[in-house]
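Participant: Next comes the structure file run-v3.cif, holding mmCIF, C-alpha atoms.
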data_entry
loop_
_atom_site.label_atom_id
_atom_site.label_comp_id
_atom_site.auth_asym_id
_atom_site.auth_seq_id
_atom_site.Cartn_x
_atom_site.Cartn_y
_atom_site.Cartn_z
CA MET A 1 -6.99 8.49 -1.49
CA GLU A 2 -9.26 7.44 1.40
CA ILE A 3 -11.33 5.29 -0.97
CA ALA A 4 -8.14 3.65 -2.28
CA ILE A 5 -7.02 2.81 1.27
CA LYS A 6 -10.42 1.35 2.19
CA LEU A 7 -10.52 -0.64 -1.07
CA SER A 8 -6.98 -1.96 -0.56
CA GLN A 9 -7.82 -3.20 2.94
CA PHE A 10 -11.11 -4.70 1.73
CA LEU A 11 -9.54 -6.62 -1.17
CA LEU A 12 -6.53 -7.77 0.86
CA SER A 13 -8.73 -9.06 3.68
CA LEU A 14 -11.12 -10.74 1.26
CA SER A 15 -8.23 -12.36 -0.63
CA ILE A 16 -6.63 -13.75 2.54
CA LEU A 17 -9.93 -15.20 3.73
CA ILE A 18 -10.85 -16.75 0.38
CA ILE A 19 -7.42 -18.29 -0.31
CA LEU A 20 -7.12 -19.80 3.16
CA HIS A 21 -10.72 -21.06 3.14
CA GLU A 22 -10.21 -22.81 -0.18
CA LEU A 23 -6.85 -24.17 1.01
CA GLY A 24 -8.84 -25.77 3.82
CA HIS A 25 -10.65 -27.82 1.17
CA PHE A 26 -7.63 -28.23 -1.13
CA ILE A 27 -5.16 -29.72 1.38
CA PRO A 28 -7.31 -32.60 2.71
CA ALA A 29 -8.49 -33.31 -0.84
CA LYS A 30 -4.88 -33.75 -1.91
CA LEU A 31 -4.07 -35.80 1.21
CA PHE A 32 -6.88 -38.20 0.31
CA LYS A 33 -5.64 -38.35 -3.31
CA THR A 34 -8.68 -36.51 -4.69
CA ARG A 35 -8.13 -34.60 -7.92
CA VAL A 36 -8.52 -30.81 -7.70
CA GLU A 37 -9.13 -29.38 -11.16
CA LYS A 38 -9.21 -25.65 -10.28
CA PHE A 39 -8.14 -23.35 -7.44
CA TYR A 40 -9.41 -19.80 -7.98
CA LEU A 41 -9.34 -16.52 -6.12
CA PHE A 42 -12.52 -14.73 -7.28
CA PHE A 43 -14.81 -16.16 -9.92
CA ASP A 44 -13.64 -16.66 -13.51
CA VAL A 45 -16.97 -16.21 -15.29
CA LYS A 46 -16.16 -16.56 -19.01
CA TYR A 47 -12.50 -15.62 -18.53
CA SER A 48 -9.65 -15.30 -16.00
CA LEU A 49 -7.32 -12.43 -15.22
CA LEU A 50 -4.48 -14.88 -14.56
CA LYS A 51 -4.20 -18.64 -14.77
CA LYS A 52 -1.51 -21.31 -14.77
CA LYS A 53 -1.80 -25.07 -14.73
CA ILE A 54 0.56 -26.91 -12.39
CA GLY A 55 0.18 -30.67 -12.46
CA GLU A 56 -3.50 -31.56 -12.58
CA THR A 57 -4.68 -28.25 -11.06
CA GLU A 58 -5.31 -24.92 -12.76
CA TYR A 59 -4.56 -21.99 -10.43
CA GLY A 60 -5.98 -18.58 -11.27
CA ILE A 61 -7.51 -15.23 -10.39
CA GLY A 62 -10.98 -14.43 -11.70
CA TRP A 63 -12.38 -11.00 -12.46
CA LEU A 64 -15.49 -11.17 -10.25
CA PRO A 65 -14.53 -10.55 -6.57
CA LEU A 66 -17.53 -12.29 -5.00
CA GLY A 67 -15.60 -15.19 -3.52
CA GLY A 68 -13.48 -18.05 -4.80
CA TYR A 69 -13.59 -21.81 -5.24
CA VAL A 70 -11.82 -25.11 -5.69
CA LYS A 71 -13.28 -27.47 -8.28
CA ILE A 72 -12.91 -31.02 -6.99
CA SER A 73 -13.42 -33.88 -9.45
CA GLY A 74 -16.64 -35.84 -8.98
CA MET A 75 -18.21 -33.35 -6.61
CA ILE A 76 -21.58 -31.68 -7.10
CA ASP A 77 -20.69 -28.02 -6.55
CA GLU A 78 -21.34 -24.57 -8.00
CA SER A 79 -19.85 -25.65 -11.36
CA MET A 80 -22.81 -28.08 -11.87
CA ASP A 81 -20.58 -30.28 -14.06
CA THR A 82 -23.24 -32.92 -14.81
CA ASP A 83 -21.28 -34.41 -17.75
CA GLN A 84 -18.56 -35.62 -15.42
CA LEU A 85 -21.12 -37.08 -13.01
CA ALA A 86 -22.84 -38.99 -15.83
CA GLN A 87 -19.70 -41.12 -16.25
CA GLU A 88 -18.60 -44.03 -14.10
CA PRO A 89 -16.97 -42.89 -10.78
CA GLN A 90 -13.19 -42.81 -10.91
CA PRO A 91 -10.93 -43.61 -7.92
CA TRP A 92 -9.57 -40.04 -7.84
CA GLU A 93 -13.03 -38.48 -7.63
CA PHE A 94 -14.68 -37.00 -4.54
CA ARG A 95 -17.73 -39.25 -4.86
CA SER A 96 -15.52 -42.37 -4.76
CA LYS A 97 -13.99 -41.51 -1.39
CA PRO A 98 -15.31 -42.84 1.95
CA ALA A 99 -17.89 -40.58 3.62
CA TRP A 100 -15.55 -39.70 6.50
CA GLN A 101 -12.91 -38.43 4.04
CA ARG A 102 -15.49 -36.38 2.14
CA LEU A 103 -16.68 -34.92 5.47
CA ILE A 104 -13.15 -33.83 6.39
CA ILE A 105 -12.69 -32.23 2.94
CA MET A 106 -15.97 -30.30 3.30
CA LEU A 107 -15.23 -29.15 6.87
CA GLY A 108 -11.70 -28.04 5.94
CA GLY A 109 -12.68 -24.53 4.81
CA VAL A 110 -14.62 -23.48 7.88
CA THR A 111 -12.05 -25.15 10.14
CA VAL A 112 -9.35 -22.94 8.63
CA ASN A 113 -11.62 -19.87 9.06
CA PHE A 114 -12.03 -20.50 12.78
CA ILE A 115 -8.36 -21.36 13.30
CA LEU A 116 -7.33 -18.21 11.42
CA ALA A 117 -9.56 -16.02 13.60
CA PHE A 118 -8.11 -17.48 16.82
CA ILE A 119 -4.53 -17.12 15.53
CA ILE A 120 -5.19 -13.45 14.67
CA TYR A 121 -6.66 -12.76 18.12
CA ILE A 122 -3.70 -14.46 19.80
CA GLY A 123 -1.28 -12.44 17.65
CA MET A 124 -3.07 -9.16 18.34
CA THR A 125 -3.06 -9.87 22.07
CA PHE A 126 0.70 -10.51 21.93
CA PHE A 127 1.64 -7.53 19.72
CA TYR A 128 -0.83 -4.89 20.96
CA GLY A 129 -1.75 -6.07 24.44
CA GLU A 130 -4.94 -4.70 25.90
CA GLN A 131 -5.93 -1.11 26.63
CA TYR A 132 -9.33 -0.39 28.10
CA ILE A 133 -11.35 1.57 30.61
CA ALA A 134 -12.61 -0.70 33.36
CA ASN A 135 -16.33 -0.41 34.02
CA SER A 136 -15.49 0.39 37.65
CA GLU A 137 -13.80 3.59 36.37
CA VAL A 138 -17.12 4.87 35.00
CA LYS A 139 -18.01 6.21 38.44
CA ASP A 140 -20.62 8.75 37.30
CA GLY A 141 -22.40 6.36 34.98
CA ILE A 142 -22.95 6.26 31.24
CA TRP A 143 -24.09 8.87 28.74
CA ILE A 144 -27.26 8.00 26.80
CA ASN A 145 -27.25 10.24 23.73
CA ASN A 146 -29.51 7.97 21.67
CA PRO A 147 -33.28 8.62 21.92
CA VAL A 148 -34.13 4.98 21.13
CA VAL A 149 -32.01 3.75 24.04
CA ALA A 150 -33.47 6.43 26.32
CA LYS A 151 -37.00 5.40 25.34
CA ALA A 152 -36.08 1.75 26.03
CA GLY A 153 -35.23 2.64 29.64
CA LEU A 154 -31.55 3.49 30.07
CA LYS A 155 -30.68 6.94 31.44
CA THR A 156 -27.60 9.13 31.56
CA GLY A 157 -25.90 8.48 34.90
CA ASP A 158 -26.88 4.80 35.05
CA LYS A 159 -24.03 2.56 36.17
CA LEU A 160 -23.94 -0.71 34.26
CA VAL A 161 -23.76 -3.77 36.50
CA SER A 162 -24.59 -6.74 34.27
CA ILE A 163 -25.99 -7.56 30.84
CA ASP A 164 -27.99 -10.78 30.55
CA GLY A 165 -26.49 -12.01 33.81
CA GLU A 166 -22.88 -11.32 32.77
CA LYS A 167 -21.01 -8.75 34.83
CA VAL A 168 -19.71 -5.77 32.84
CA GLU A 169 -15.94 -5.66 33.36
CA ARG A 170 -14.74 -3.44 30.50
CA PHE A 171 -16.70 -0.50 29.22
CA HIS A 172 -15.87 -0.91 25.51
CA GLU A 173 -17.53 -4.36 25.51
CA SER A 174 -20.86 -3.01 26.75
CA ASN A 175 -22.23 -1.62 23.46
CA GLU A 176 -21.95 -4.91 21.56
CA LYS A 177 -23.58 -6.78 24.43
CA LEU A 178 -26.33 -4.19 24.90
CA PHE A 179 -27.24 -4.46 21.22
CA LEU A 180 -28.54 -8.02 21.71
CA SER A 181 -29.42 -7.86 25.39
CA LYS A 182 -32.63 -8.92 27.09
CA GLU A 183 -32.06 -7.79 30.68
CA ILE A 184 -29.75 -5.05 31.92
CA ILE A 185 -29.09 -4.36 35.59
CA VAL A 186 -27.97 -0.83 36.48
CA ILE A 187 -27.42 1.25 39.56
CA ARG A 188 -29.66 4.33 39.38
CA ASP A 189 -29.81 6.91 42.18
CA GLY A 190 -28.12 4.39 44.48
CA LYS A 191 -30.65 1.64 43.78
CA GLU A 192 -30.48 -1.44 41.58
CA GLU A 193 -32.85 -1.31 38.60
CA LYS A 194 -33.68 -3.78 35.81
CA VAL A 195 -34.14 -2.59 32.24
CA HIS A 196 -35.67 -4.73 29.49
CA PHE A 197 -35.34 -3.65 25.86
CA PRO A 198 -38.39 -4.24 23.60
CA GLN A 199 -38.45 -7.12 21.10
CA ASN A 200 -38.10 -4.76 18.12
CA PHE A 201 -35.31 -2.71 19.71
CA ILE A 202 -32.83 -3.44 16.88
CA ASP A 203 -35.39 -2.32 14.29
CA GLN A 204 -35.90 0.97 16.18
CA LEU A 205 -32.13 1.51 16.38
CA MET A 206 -31.71 1.10 12.63
CA LYS A 207 -34.43 3.65 11.95
CA GLU A 208 -32.61 6.12 14.20
CA LYS A 209 -29.34 5.32 12.31
CA ARG A 210 -27.15 5.57 15.40
CA SER A 211 -24.85 2.68 16.23
CA THR A 212 -23.75 3.74 19.73
CA LEU A 213 -26.00 2.80 22.62
CA ALA A 214 -24.09 3.81 25.75
CA GLU A 215 -21.22 6.29 25.69
CA LEU A 216 -18.59 7.45 28.11
CA ARG A 217 -19.43 10.75 29.75
CA ILE A 218 -16.80 13.14 28.44
CA PRO A 219 -15.87 16.81 29.05
CA PHE A 220 -17.46 19.56 26.96
CA VAL A 221 -14.57 20.37 24.61
CA ILE A 222 -15.01 22.91 21.80
CA SER A 223 -13.93 21.24 18.55
CA GLN A 224 -15.03 24.03 16.17
CA VAL A 225 -16.40 27.55 16.37
CA GLU A 226 -18.71 28.34 13.46
CA PRO A 227 -17.71 31.47 11.44
CA ASP A 228 -21.09 33.12 12.00
CA SER A 229 -21.36 32.08 15.64
CA HIS A 230 -22.57 34.77 18.05
CA ASN A 231 -19.87 33.42 20.44
CA LYS A 232 -16.97 33.47 17.95
CA ASP A 233 -15.14 36.27 19.82
CA VAL A 234 -15.45 34.43 23.14
CA LEU A 235 -14.70 30.78 22.40
CA LYS A 236 -11.64 29.07 20.96
CA THR A 237 -11.04 25.55 19.71
CA LYS A 238 -9.98 23.16 22.53
CA ASP A 239 -11.66 25.28 25.23
CA ILE A 240 -13.15 23.07 27.95
CA VAL A 241 -16.26 24.25 29.79
CA THR A 242 -15.79 23.65 33.53
CA SER A 243 -18.63 25.85 34.83
CA PHE A 244 -21.92 26.69 33.11
CA ASN A 245 -24.51 29.16 34.34
CA GLY A 246 -22.89 29.28 37.77
CA LYS A 247 -22.71 25.50 38.22
CA PRO A 248 -19.54 23.41 37.98
CA VAL A 249 -19.71 20.84 35.17
CA THR A 250 -17.57 17.81 34.44
CA TYR A 251 -19.36 16.32 31.45
CA ALA A 252 -20.74 17.52 28.12
CA ASP A 253 -24.21 16.13 28.83
CA GLU A 254 -24.53 18.54 31.78
CA VAL A 255 -24.17 21.48 29.38
CA LEU A 256 -26.30 20.03 26.60
CA GLY A 257 -29.09 19.07 28.98
CA SER A 258 -29.56 22.66 30.17
CA LEU A 259 -29.59 24.49 26.80
CA ASP A 260 -33.33 24.14 26.15
CA SER A 261 -34.22 25.85 29.43
CA LEU A 262 -31.84 28.75 28.70
CA LYS A 263 -32.95 29.70 25.16
CA GLY A 264 -32.26 33.33 24.29
CA LYS A 265 -30.28 33.97 27.49
CA THR A 266 -26.68 34.93 28.20
CA VAL A 267 -24.99 32.76 30.81
CA PRO A 268 -21.68 33.01 32.68
CA VAL A 269 -19.14 30.23 32.03
CA ILE A 270 -15.65 29.30 33.08
CA LEU A 271 -13.39 27.87 30.40
CA LYS A 272 -10.18 25.92 30.77
CA ARG A 273 -7.82 27.27 28.12
CA ASP A 274 -4.11 26.37 27.88
CA GLY A 275 -4.16 25.21 31.49
CA LYS A 276 -5.72 28.47 32.77
CA GLU A 277 -9.27 29.37 33.78
CA VAL A 278 -11.00 32.05 31.71
CA ALA A 279 -14.33 33.63 32.67
CA ALA A 280 -16.74 34.52 29.85
CA ASN A 281 -20.40 34.99 28.93
CA LEU A 282 -22.08 32.88 26.28
CA LYS A 283 -25.18 33.74 24.29
CA ILE A 284 -27.63 30.90 23.74
CA SER A 285 -29.79 31.33 20.63
CA ASP A 286 -33.58 31.02 20.56
CA SER A 287 -33.08 27.56 19.05
CA ALA A 288 -30.88 26.48 22.01
CA LYS A 289 -27.61 26.66 20.01
CA LEU A 290 -24.17 27.95 20.98
CA GLY A 291 -22.86 28.18 17.42
CA ILE A 292 -20.13 25.64 18.03
CA ALA A 293 -19.35 21.96 17.56
CA TYR A 294 -18.23 19.93 20.54
CA ALA A 295 -16.04 16.82 20.59
CA SER A 296 -18.33 13.80 20.58
CA ARG A 297 -15.35 11.44 20.83
CA ILE A 298 -12.16 11.96 22.81
CA PRO A 299 -9.23 9.48 22.67
CA TYR A 300 -8.69 7.40 25.80
CA LYS A 301 -5.21 8.87 26.34
CA ASP A 302 -6.64 12.42 26.39
CA LEU A 303 -9.36 11.43 28.84
CA GLU A 304 -6.64 10.04 31.08
CA LYS A 305 -4.60 13.25 30.81
CA LEU A 306 -7.67 15.25 31.82
CA GLY A 307 -8.02 13.05 34.90
CA ILE A 308 -11.49 11.80 33.91
CA TYR A 309 -10.71 8.08 33.61
CA ASN A 310 -7.76 5.80 34.30
CA ILE A 311 -6.79 3.50 31.44
CA SER A 312 -5.90 -0.10 32.21
CA LYS A 313 -2.97 -1.33 30.13
CA GLN A 314 -1.70 -4.88 29.98
CA GLN A 315 0.96 -6.61 27.91
CA PHE A 316 1.17 -10.37 27.52
CA SER A 317 3.95 -12.83 26.81
CA PHE A 318 3.43 -15.13 23.86
CA PHE A 319 2.21 -18.00 26.01
CA GLU A 320 -0.03 -15.70 28.07
CA SER A 321 -1.54 -14.41 24.81
CA ILE A 322 -2.82 -17.85 23.82
CA PRO A 323 -5.66 -18.28 26.38
CA VAL A 324 -6.53 -14.56 26.22
CA GLY A 325 -6.74 -14.63 22.40
CA ILE A 326 -8.78 -17.85 22.46
CA ASP A 327 -11.23 -16.32 24.95
CA ARG A 328 -11.57 -13.29 22.71
CA GLY A 329 -12.25 -15.54 19.73
CA PHE A 330 -14.97 -17.46 21.56
CA ASP A 331 -16.54 -14.17 22.70
CA GLN A 332 -16.75 -12.97 19.10
CA LEU A 333 -18.06 -16.34 17.93
CA GLY A 334 -20.81 -16.27 20.58
CA SER A 335 -21.68 -12.68 19.75
CA TYR A 336 -21.99 -13.38 16.02
CA TRP A 337 -24.15 -16.44 16.70
CA LYS A 338 -26.51 -14.23 18.74
CA GLN A 339 -26.63 -11.74 15.85
CA LEU A 340 -27.60 -14.53 13.46
CA GLN A 341 -30.35 -15.67 15.83
CA ALA A 342 -31.68 -12.11 15.92
CA ILE A 343 -31.56 -11.88 12.10
CA PHE A 344 -33.60 -15.06 11.75
CA THR A 345 -36.15 -13.84 14.30
CA PRO A 346 -38.40 -11.54 12.22
CA SER A 347 -39.94 -9.77 15.23
CA THR A 348 -36.57 -8.17 16.08
CA GLY A 349 -36.35 -6.44 12.69
CA ALA A 350 -32.61 -7.26 12.65
CA TYR A 351 -32.88 -8.68 9.13
CA LYS A 352 -33.34 -5.11 7.87
CA GLY A 353 -29.76 -4.37 8.86
CA VAL A 354 -28.24 -7.23 6.86
CA GLY A 355 -25.63 -5.82 4.51
CA GLY A 356 -23.66 -7.00 1.49
CA PHE A 357 -20.28 -6.10 0.08
CA ALA A 358 -20.79 -2.35 0.55
CA ALA A 359 -21.48 -2.88 4.26
CA ILE A 360 -18.29 -4.95 4.62
CA PHE A 361 -16.33 -2.37 2.63
CA ASN A 362 -17.51 0.41 4.96
CA ILE A 363 -16.28 -1.42 8.07
CA PHE A 364 -12.69 -0.66 7.08
CA PRO A 365 -11.23 2.69 8.21
CA ASN A 366 -10.17 5.52 5.87
CA THR A 367 -6.61 5.38 7.18
CA TRP A 368 -4.39 2.32 7.14
CA SER A 369 -4.28 0.60 10.52
CA TRP A 370 -2.87 -2.90 10.83
CA GLU A 371 -4.56 -3.30 14.20
CA ALA A 372 -7.97 -2.42 12.73
CA PHE A 373 -7.26 -4.51 9.61
CA TRP A 374 -6.48 -7.69 11.52
CA SER A 375 -9.35 -7.15 13.96
CA ILE A 376 -11.83 -6.83 11.07
CA THR A 377 -10.27 -9.75 9.20
CA ALA A 378 -10.61 -11.99 12.27
CA LEU A 379 -14.27 -11.01 12.65
CA LEU A 380 -14.95 -11.60 8.94
CA SER A 381 -13.24 -14.99 9.19
CA ILE A 382 -15.62 -15.98 11.99
CA MET A 383 -18.58 -14.69 9.97
CA LEU A 384 -17.46 -16.63 6.89
CA GLY A 385 -17.01 -19.81 8.93
CA VAL A 386 -20.41 -19.58 10.62
CA MET A 387 -22.24 -18.63 7.41
CA ASN A 388 -20.66 -21.54 5.52
CA LEU A 389 -21.85 -23.95 8.21
CA LEU A 390 -25.50 -23.05 7.67
CA PRO A 391 -27.34 -26.17 6.45
CA ILE A 392 -28.10 -24.70 3.03
CA PRO A 393 -27.35 -26.82 -0.06
CA ALA A 394 -24.54 -25.17 -2.08
CA LEU A 395 -22.82 -24.10 1.15
CA ASP A 396 -20.32 -26.30 2.99
CA GLY A 397 -22.94 -26.81 5.71
CA GLY A 398 -25.36 -28.27 3.16
CA HIS A 399 -22.79 -30.81 1.98
CA VAL A 400 -21.97 -31.64 5.61
CA MET A 401 -25.67 -32.16 6.37
CA PHE A 402 -26.03 -34.76 3.58
CA LEU A 403 -22.75 -36.45 4.53
CA LEU A 404 -23.84 -36.79 8.16
CA TYR A 405 -27.10 -38.31 6.95
CA GLU A 406 -25.09 -40.79 4.88
CA ILE A 407 -22.78 -41.70 7.77
CA ILE A 408 -25.66 -42.14 10.25
CA SER A 409 -28.14 -43.92 7.95
CA GLY A 410 -25.66 -45.79 5.79
CA ARG A 411 -27.55 -44.58 2.68
CA LYS A 412 -26.00 -42.15 0.24
CA PRO A 413 -28.34 -39.58 -1.40
CA SER A 414 -28.48 -40.07 -5.17
CA ASP A 415 -26.50 -37.78 -7.47
CA LYS A 416 -29.79 -36.63 -9.00
CA PHE A 417 -31.10 -35.58 -5.59
CA LEU A 418 -27.84 -33.77 -4.77
CA GLU A 419 -27.98 -31.94 -8.12
CA LYS A 420 -31.50 -30.68 -7.40
CA ALA A 421 -30.56 -29.74 -3.84
CA GLN A 422 -27.54 -27.84 -5.17
CA MET A 423 -29.81 -25.89 -7.53
CA VAL A 424 -32.23 -25.03 -4.72
CA GLY A 425 -29.33 -23.92 -2.53
CA PHE A 426 -27.87 -21.85 -5.35
CA VAL A 427 -31.20 -20.04 -5.82
CA LEU A 428 -31.38 -19.40 -2.06
CA LEU A 429 -27.85 -17.98 -2.05
CA ILE A 430 -28.59 -15.69 -4.99
CA ALA A 431 -31.73 -14.49 -3.18
CA LEU A 432 -29.72 -13.81 0.02
CA LEU A 433 -27.04 -12.02 -2.00
CA LEU A 434 -29.62 -9.84 -3.73
CA PHE A 435 -31.36 -9.10 -0.42
CA ALA A 436 -28.15 -8.15 1.40
CA ASN A 437 -26.77 -5.97 -1.39
CA GLY A 438 -30.26 -4.56 -2.06
CA ASN A 439 -30.28 -3.45 1.58
CA ASP A 440 -26.99 -1.65 0.97
CA ILE A 441 -28.45 0.17 -2.03
CA TYR A 442 -31.65 1.07 -0.18
CA LYS A 443 -29.72 2.46 2.81
CA ALA A 444 -27.47 4.48 0.48
CA ILE A 445 -30.52 5.99 -1.27
CA VAL A 446 -32.31 6.75 2.00
CA ARG A 447 -29.17 8.31 3.45
#
Please express what this file holds, its structure, as structure tokens.

Facilitator:
Amino acid sequence: MEIAIKLSQFLLSLSILIILHELGHFIPAKLFKTRVEKFYLFFDVKYSLLKKKIGETEYGIGWLPLGGYVKISGMIDESMDTDQLAQEPQPWEFRSKPAWQRLIIMLGGVTVNFILAFIIYIGMTFFYGEQYIANSEVKDGIWINNPVVAKAGLKTGDKLVSIDGEKVERFHESNEKLFLSKEIIVIRDGKEEKVHFPQNFIDQLMKEKRSTLAELRIPFVISQVEPDSHNKDVLKTKDIVTSFNGKPVTYADEVLGSLDSLKGKTVPVILKRDGKEVAANLKISDSAKLGIAYASRIPYKDLEKLGIYNISKQQFSFFESIPVGIDRGFDQLGSYWKQLQAIFTPSTGAYKGVGGFAAIFNIFPNTWSWEAFWSITALLSIMLGVMNLLPIPALDGGHVMFLLYEIISGRKPSDKFLEKAQMVGFVLLIALLLFANGNDIYKAIVR
């Protein structure tokens, strides 16, 4: 059932993005009286699942869910229809239109992608508002539970001040910014310190296979007592440790950090159970284990009930949502651009984390959440827009590159040149597709 829910979200999101992207090409093509021969969701290699011709355009759904396309008459595209190009240009063909019209047609898809993302962010701001923990609420600093991050210089208890010169306002934004950061300023033991991550930090993170860099310090809550635990008669699920070995504790890291030094010992604890304090003794094994699982994630609302953090909540009117949603869209756009820069910088090792369709599929949650669905769809729309703008022949950005050359120089590249460029671009795209999906397969095998 979980797989079905993930797959449904994946296919719905992909379908929305593909249809709207191709509409971005289709509408200006029609406005400029350019013939559109096909409009397809997914690729119809050899045959179609559904198809219907309306007017001069065949609309259909292909069987291969790797994208979609519009086939515009007289355009050198993935169809490589050289027979049509060998004939004299017709007034309804793409190649017969002025360069500025062809440029608008080619930019239509990515324009729709970016507009869609901003509309989704505006809508989410209006419907869901914002709920977050302000960075100023993290009074006792962050929890560093990732050895790669610890080795890079951040420590539990550090208070984040700024990341690459930008002040940290909301805690949940810090992880994404830390991932690509160059200079972090923290308050440590009352003094301001600078931390610089190494050039290959992303590569190290991927080897560790942990996505979280800095976490909220949370209480030590028992989430499960193992059946063979030596403390099974003492502990219960949802117990909260408030004192450990005679010392009051607020956070889980205070307990975890002392286990190694207490191997094989029995220590006194105080537990909060059903609103009451319970004294007990816990046995720590020779391998520094308690025989339990603790909650590594606690919902914001529960942290607020426990009095650990205050949650900031804000609702927006429709008109207030517009600038907030636009700002959010630009933040995501800037963040993804930085990720691309890191991917194309070999020394960072970020290219090793590039994923294909399996990676996108795994972004979606196992349970249906419209908020998560639209958030992921908006991000994918930005990714699709940016990727399509890359100056690679066979992508929209490649066509745009040649059109700009034509507009600036006044010379149009020959059809023969464009055909060869399209073939080179197609080979590059296949190579990128194989690399990204090969990465997915490799990570699945290694895991």

Participant: For a test of reading the model, state the distance in Å between atom CA of A:Phe364 and atom CA of A:Ala378, rounded to one decimal.

Facilitator: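 If I compute the distance from atom CA of A:Phe364 to atom CA of A:Ala378, I get 12.6 Å.
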
Participant: If we count all atoms listed in the file, what is near A:Pro393 at a cut-off of 9 Å, once residues fewer than 4 positions away on the same chain are taken out, given as a list in words?

Facilitator: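 Once the adjacent positions are removed, what remains is Gly397, Gly398, His399, Met401, Phe402, Leu418, Ala421, Gln422, Met423, Val424, Gly425, Phe426 and Leu428 of chain A.
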
Participant: Return as a VMD selection string the set of residues that the PyMOL selection byres ((chain A and resi 229) around 12) yields on the displayed structure.

Facilitator: chain A and resid 224 to 228 230 to 236 282 to 285 289 to 293

Participant: Take the selection from the previous step and output its residues with C-alpha atoms, as an mmCIF file, in the frame of the given file.

Facilitator:
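Just written: result-v2.cif:
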data_model
loop_
_atom_site.group_PDB
_atom_site.id
_atom_site.type_symbol
_atom_site.label_atom_id
_atom_site.label_comp_id
_atom_site.auth_asym_id
_atom_site.auth_seq_id
_atom_site.Cartn_x
_atom_site.Cartn_y
_atom_site.Cartn_z
ATOM 1 C CA GLN A 224 -15.030 24.030 16.170
ATOM 2 C CA VAL A 225 -16.400 27.550 16.370
ATOM 3 C CA GLU A 226 -18.710 28.340 13.460
ATOM 4 C CA PRO A 227 -17.710 31.470 11.440
ATOM 5 C CA ASP A 228 -21.090 33.120 12.000
ATOM 6 C CA HIS A 230 -22.570 34.770 18.050
ATOM 7 C CA ASN A 231 -19.870 33.420 20.440
ATOM 8 C CA LYS A 232 -16.970 33.470 17.950
ATOM 9 C CA ASP A 233 -15.140 36.270 19.820
ATOM 10 C CA VAL A 234 -15.450 34.430 23.140
ATOM 11 C CA LEU A 235 -14.700 30.780 22.400
ATOM 12 C CA LYS A 236 -11.640 29.070 20.960
ATOM 13 C CA LEU A 282 -22.080 32.880 26.280
ATOM 14 C CA LYS A 283 -25.180 33.740 24.290
ATOM 15 C CA ILE A 284 -27.630 30.900 23.740
ATOM 16 C CA SER A 285 -29.790 31.330 20.630
ATOM 17 C CA LYS A 289 -27.610 26.660 20.010
ATOM 18 C CA LEU A 290 -24.170 27.950 20.980
ATOM 19 C CA GLY A 291 -22.860 28.180 17.420
ATOM 20 C CA ILE A 292 -20.130 25.640 18.030
ATOM 21 C CA ALA A 293 -19.350 21.960 17.560
#

Participant: Apply the PyMOL selection byres ((chain A and resi 61) around 10) to the file shown and report the selected residues as a PyMOL selection string.

Facilitator: chain A and resi 39-44+47-52+59-60+62-65+68

Participant: Separation of atom CA of A:Ile187 and atom CA of A:Asp158, in Å?

Facilitator: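 Between these atoms lies a distance of 5.8 Å.
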
Participant: Neighbouring residues of A:Glu277 were defined as those with any atom within 12 Å, considering all atoms listed in the file; residues of the same chain fewer than 6 positions away were excluded. Please report them as an mmCIF file with C-alpha atoms, keeping the file's coordinate frame.

Facilitator:
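This is the output file selection_18.cif:
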data_model
loop_
_atom_site.group_PDB
_atom_site.id
_atom_site.type_symbol
_atom_site.label_atom_id
_atom_site.label_comp_id
_atom_site.auth_asym_id
_atom_site.auth_seq_id
_atom_site.Cartn_x
_atom_site.Cartn_y
_atom_site.Cartn_z
ATOM 1 C CA ASP A 239 -11.660 25.280 25.230
ATOM 2 C CA ILE A 240 -13.150 23.070 27.950
ATOM 3 C CA VAL A 241 -16.260 24.250 29.790
ATOM 4 C CA THR A 242 -15.790 23.650 33.530
ATOM 5 C CA SER A 243 -18.630 25.850 34.830
ATOM 6 C CA VAL A 269 -19.140 30.230 32.030
ATOM 7 C CA ILE A 270 -15.650 29.300 33.080
ATOM 8 C CA LEU A 271 -13.390 27.870 30.400
#

Participant: State, in Å with one decimal place, the distance from atom CA of A:Asp286 to atom CA of A:Leu256.

Facilitator: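 These atoms are spaced 14.5 Å apart.
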
Participant: Once the PyMOL selection byres ((chain A and resi 90-93) around 9) is applied to the coordinates I shared, what remains selected? I want it as a PyMOL selection string.

Facilitator: chain A and resi 32-36+72-75+87-89+94-97

Participant: Taking every listed atom of stretch 393-410 of chain A and adding 5 Å to each side, what centre and edge lengths in Å (one decimal) does the axis-aligned box have, as lines of an AutoDock Vina configuration file?

Facilitator:
center_x = -24.2
center_y = -34.9
center_z = 4.1
size_x = 17.8
size_y = 31.7
size_z = 22.3

Participant: Env of A:Leu7: 10 Å cut, atoms = all atoms listed in the file, seq-sep filter 5 positions within chain, self excluded. Answer as a list in words.

Facilitator: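 Returned residues: Met1, Glu2, Leu12, Ser13, Phe361, Asn362, Phe364, Pro365 and Asn366 of chain A.
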
Participant: Using all atoms listed in the file, which protein or nucleic acid residues come within 12 Å of stretch 246-251 of chain A? Drop anything in the same chain fewer than 6 positions from it, and give the result as a count of residues only.

Facilitator: 34

Participant: Between A:Leu333, A:Leu432, A:Ile311, A:Val278, single out the one closest to A:Tyr132, counting all atoms listed in the file.

Facilitator: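 Ranking A:Leu333, A:Leu432, A:Ile311, A:Val278 by distance to A:Tyr132, first place goes to A:Ile311.
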
Participant: For each of A:Ile5, A:Leu395, A:Leu205, A:Val195, take the minimum atom-to-atom distance to A:Ile76, counting only C-alpha atoms, then give the residue where this is smallest.

Facilitator: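 Result for the nearest residue to A:Ile76: A:Leu395.
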